[in-house]
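Shown below: input.cif, with mmCIF, C-alpha atoms.
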data_model
loop_
_atom_site.label_atom_id
_atom_site.label_comp_id
_atom_site.auth_asym_id
_atom_site.auth_seq_id
_atom_site.Cartn_x
_atom_site.Cartn_y
_atom_site.Cartn_z
CA GLN A 11 -59.69 -6.99 79.61
CA VAL A 12 -58.32 -8.54 76.44
CA GLN A 13 -57.66 -12.26 76.49
CA LEU A 14 -55.51 -14.07 73.94
CA VAL A 15 -55.57 -17.83 73.53
CA GLU A 16 -53.05 -19.59 71.31
CA SER A 17 -53.53 -23.00 69.75
CA GLY A 18 -52.01 -25.20 67.07
CA GLY A 19 -48.68 -26.07 68.61
CA GLY A 20 -47.30 -29.59 68.75
CA LEU A 21 -44.56 -31.96 67.72
CA VAL A 22 -43.49 -31.94 64.08
CA GLU A 23 -40.58 -33.41 62.15
CA PRO A 24 -37.96 -31.18 60.53
CA GLY A 25 -39.29 -29.87 57.25
CA GLY A 26 -42.86 -30.09 58.46
CA SER A 27 -45.52 -27.42 58.87
CA LEU A 28 -47.79 -26.05 61.56
CA ARG A 29 -50.33 -23.27 61.74
CA LEU A 30 -50.70 -21.41 65.00
CA SER A 31 -53.84 -19.48 65.85
CA CYS A 32 -54.42 -16.76 68.42
CA ALA A 33 -58.02 -15.96 69.26
CA ALA A 34 -58.74 -12.65 70.95
CA SER A 35 -61.67 -11.65 73.12
CA GLY A 36 -62.63 -8.74 75.34
CA GLY A 37 -61.47 -5.96 73.04
CA ILE A 38 -61.87 -4.46 69.60
CA PHE A 39 -59.47 -6.68 67.68
CA TYR A 40 -58.90 -4.37 64.74
CA ASN A 41 -57.57 -1.67 67.09
CA TYR A 42 -54.60 -3.85 67.99
CA ASP A 43 -51.27 -4.49 66.35
CA MET A 44 -50.63 -8.21 66.68
CA ALA A 45 -47.42 -10.18 66.93
CA TRP A 46 -45.95 -13.61 67.51
CA TYR A 47 -42.96 -14.07 69.79
CA ARG A 48 -41.10 -17.19 70.81
CA GLN A 49 -38.89 -18.25 73.67
CA ALA A 50 -36.59 -21.23 73.54
CA PRO A 51 -35.17 -22.79 76.72
CA GLY A 52 -32.38 -20.66 78.14
CA LYS A 53 -32.96 -17.87 75.63
CA GLN A 54 -34.69 -14.52 75.67
CA ARG A 55 -38.10 -14.05 74.15
CA GLU A 56 -37.76 -12.84 70.56
CA LEU A 57 -40.06 -11.30 67.99
CA VAL A 58 -41.01 -13.69 65.20
CA ALA A 59 -43.50 -11.67 63.17
CA ARG A 60 -45.89 -8.77 63.57
CA ILE A 61 -48.82 -7.35 61.67
CA SER A 62 -50.11 -3.86 62.23
CA ILE A 63 -53.66 -2.56 62.28
CA GLY A 64 -53.14 -1.42 58.71
CA GLY A 65 -51.64 -4.73 57.58
CA SER A 66 -47.94 -3.86 57.57
CA ILE A 67 -45.86 -6.96 58.25
CA ASP A 68 -42.37 -7.59 59.60
CA TYR A 69 -40.50 -10.85 60.12
CA ALA A 70 -37.40 -11.89 61.98
CA ASP A 71 -34.62 -12.69 59.53
CA SER A 72 -34.52 -16.27 60.78
CA VAL A 73 -38.08 -16.98 59.62
CA LYS A 74 -38.35 -14.92 56.44
CA GLY A 75 -39.58 -17.02 53.54
CA ARG A 76 -40.80 -19.78 55.86
CA PHE A 77 -43.36 -18.16 58.17
CA THR A 78 -46.43 -16.13 57.24
CA ILE A 79 -48.43 -13.99 59.63
CA SER A 80 -51.99 -13.01 58.84
CA ARG A 81 -55.03 -11.69 60.62
CA GLU A 82 -58.73 -12.18 60.18
CA ASN A 83 -60.49 -9.32 61.91
CA ALA A 84 -63.94 -10.84 61.40
CA LYS A 85 -62.84 -13.80 63.53
CA ASN A 86 -60.67 -11.81 65.98
CA THR A 87 -57.82 -14.15 65.12
CA VAL A 88 -54.21 -13.87 64.06
CA TYR A 89 -52.38 -16.78 62.46
CA LEU A 90 -48.81 -17.90 62.00
CA GLN A 91 -48.29 -20.36 59.18
CA MET A 92 -44.94 -22.10 59.56
CA VAL A 93 -43.36 -24.27 56.88
CA SER A 94 -39.93 -25.89 56.45
CA LEU A 95 -39.61 -26.06 60.21
CA LYS A 96 -36.19 -26.55 61.74
CA ALA A 97 -35.02 -27.77 65.13
CA ASP A 98 -34.05 -24.18 65.93
CA ASP A 99 -37.72 -23.21 65.68
CA THR A 100 -38.45 -25.24 68.82
CA ALA A 101 -39.85 -22.84 71.41
CA VAL A 102 -42.93 -21.68 73.23
CA TYR A 103 -44.78 -19.34 70.88
CA TYR A 104 -46.66 -16.39 72.35
CA CYS A 105 -49.21 -14.08 70.85
CA LYS A 106 -49.16 -10.39 71.76
CA GLY A 107 -51.68 -7.67 71.16
CA PHE A 108 -50.70 -4.01 71.40
CA HIS A 109 -53.03 -1.02 71.39
CA PRO A 110 -50.87 1.81 70.00
CA ARG A 111 -53.05 4.68 71.20
CA LEU A 112 -53.54 3.36 74.73
CA SER A 113 -50.02 1.85 74.92
CA ARG A 114 -51.42 -1.35 76.38
CA GLU A 115 -50.22 -4.81 75.60
CA TYR A 116 -51.60 -8.25 76.28
CA TRP A 117 -50.04 -11.70 76.06
CA GLY A 118 -51.37 -15.18 75.59
CA GLN A 119 -50.28 -18.14 77.66
CA GLY A 120 -48.15 -19.65 74.90
CA THR A 121 -48.18 -22.82 72.85
CA GLN A 122 -45.30 -25.26 72.58
CA VAL A 123 -43.77 -26.02 69.19
CA THR A 124 -41.25 -28.85 69.08
CA VAL A 125 -39.40 -29.72 65.89
CA SER A 126 -37.72 -33.09 66.21
CA SER A 127 -37.33 -36.38 64.42
#
Serialized structure, structure tokens:
Amino acid sequence: QVQLVESGGGLVEPGGSLRLSCAASGGIFYNYDMAWYRQAPGKQRELVARISIGGSIDYADSVKGRFTISRENAKNTVYLQMVSLKADDTAVYYCKGFHPRLSREYWGQGTQVTVSS
């Protein structure tokens, strides 16, 4: 059973930065595509960024140029570096791992990011 644990969320002022981390255990990390999603109050969960096993990366248009996803397979960790944060980035951020061959997905418990002055 794969477990994902996010960390790094918090309160930050507009224009500030945060780095989220998602540590994985219980599986072979490099066999999983990884992604960050977010869900704001009253809104549907949306994809923020994803990084494939091979390193291909996609971003939501709303975060392009401000967010950077990366993975460190040796540490079983995926990161989301966020800069120039806006109030609209306020949400609970979730990490997801997806095993493409087994078609299995796993979610973390989420970490709150609040952008406010």
### Task
Return as a ChimeraX atom specification the set of residues that the PyMOL selection byres ((chain A and resi 21) around 9) yields on the displayed structure.
/A:19-20,22-23,122-126
If the PyMOL selection byres ((chain A and resi 91-99) around 7) is run on the structure shown, which residues does it catch, given as a PDB file with C-alpha atoms, in the coordinates of the input?
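To be explicit, this is the file written out as result00.pdb:
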ATOM      1  CA  PRO A  24     -37.960 -31.180  60.530  1.00  0.00           C
ATOM      2  CA  GLY A  25     -39.290 -29.870  57.250  1.00  0.00           C
ATOM      3  CA  GLY A  26     -42.860 -30.090  58.460  1.00  0.00           C
ATOM      4  CA  SER A  27     -45.520 -27.420  58.870  1.00  0.00           C
ATOM      5  CA  LEU A  28     -47.790 -26.050  61.560  1.00  0.00           C
ATOM      6  CA  ARG A  29     -50.330 -23.270  61.740  1.00  0.00           C
ATOM      7  CA  LEU A  30     -50.700 -21.410  65.000  1.00  0.00           C
ATOM      8  CA  ARG A  76     -40.800 -19.780  55.860  1.00  0.00           C
ATOM      9  CA  PHE A  77     -43.360 -18.160  58.170  1.00  0.00           C
ATOM     10  CA  THR A  78     -46.430 -16.130  57.240  1.00  0.00           C
ATOM     11  CA  ILE A  79     -48.430 -13.990  59.630  1.00  0.00           C
ATOM     12  CA  TYR A  89     -52.380 -16.780  62.460  1.00  0.00           C
ATOM     13  CA  LEU A  90     -48.810 -17.900  62.000  1.00  0.00           C
ATOM     14  CA  THR A 100     -38.450 -25.240  68.820  1.00  0.00           C
ATOM     15  CA  ALA A 101     -39.850 -22.840  71.410  1.00  0.00           C
ATOM     16  CA  VAL A 125     -39.400 -29.720  65.890  1.00  0.00           C
ATOM     17  CA  SER A 126     -37.720 -33.090  66.210  1.00  0.00           C
TER      18      SER A 126
END
Would you pick out the contacts of A:Tyr47 at 9 Å or less, using only C-alpha atoms, so that residues sharing its chain but fewer than 2 positions from it are not included, and give the list as a PDB file with C-alpha atoms, keeping the file's coordinate frame?
ATOM      1  CA  ALA A  45     -47.420 -10.180  66.930  1.00  0.00           C
ATOM      2  CA  GLN A  49     -38.890 -18.250  73.670  1.00  0.00           C
ATOM      3  CA  ARG A  55     -38.100 -14.050  74.150  1.00  0.00           C
ATOM      4  CA  GLU A  56     -37.760 -12.840  70.560  1.00  0.00           C
ATOM      5  CA  LEU A  57     -40.060 -11.300  67.990  1.00  0.00           C
ATOM      6  CA  VAL A  58     -41.010 -13.690  65.200  1.00  0.00           C
ATOM      7  CA  ALA A  59     -43.500 -11.670  63.170  1.00  0.00           C
ATOM      8  CA  ARG A  60     -45.890  -8.770  63.570  1.00  0.00           C
ATOM      9  CA  VAL A 102     -42.930 -21.680  73.230  1.00  0.00           C
ATOM     10  CA  TYR A 103     -44.780 -19.340  70.880  1.00  0.00           C
ATOM     11  CA  TYR A 104     -46.660 -16.390  72.350  1.00  0.00           C
ATOM     12  CA  CYS A 105     -49.210 -14.080  70.850  1.00  0.00           C
ATOM     13  CA  LYS A 106     -49.160 -10.390  71.760  1.00  0.00           C
TER      14      LYS A 106
END
### Query
Can you tell me, as JSON, numbers by chain, what residues are no more than 12 Å from stretch 113-119 of chain A when counting all atoms listed in the file, ignoring any on the same chain fewer than 2 positions away?
{"A": [11, 12, 13, 14, 15, 16, 17, 31, 32, 33, 34, 35, 36, 37, 39, 41, 42, 43, 44, 45, 46, 47, 48, 88, 102, 103, 104, 105, 106, 107, 108, 109, 110, 111, 121, 122]}
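Compared by their closest atoms to A:Arg81, and using all atoms listed in the file, the residues A:Gln54, A:Ile38, A:Tyr69, A:Ile61 rank with A:Ile61 nearest.
In this model, the gap between atom CA of A:Tyr40 and atom CA of A:Val73 comes to 24.9 Å.
The two atoms in question, atom CA of A:Asn83 and atom CA of A:Ile67, are spaced 15.3 Å apart.
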Output as JSON the centre and edge lengths (Å, one decimal) of the box along x, y and z of the file that holds every listed atom of stretch 94-105 of chain A after adding 3 Å on each side.
{"center_x": -41.6, "center_y": -20.9, "center_z": 64.8, "size_x": 21.2, "size_y": 19.7, "size_z": 22.8}
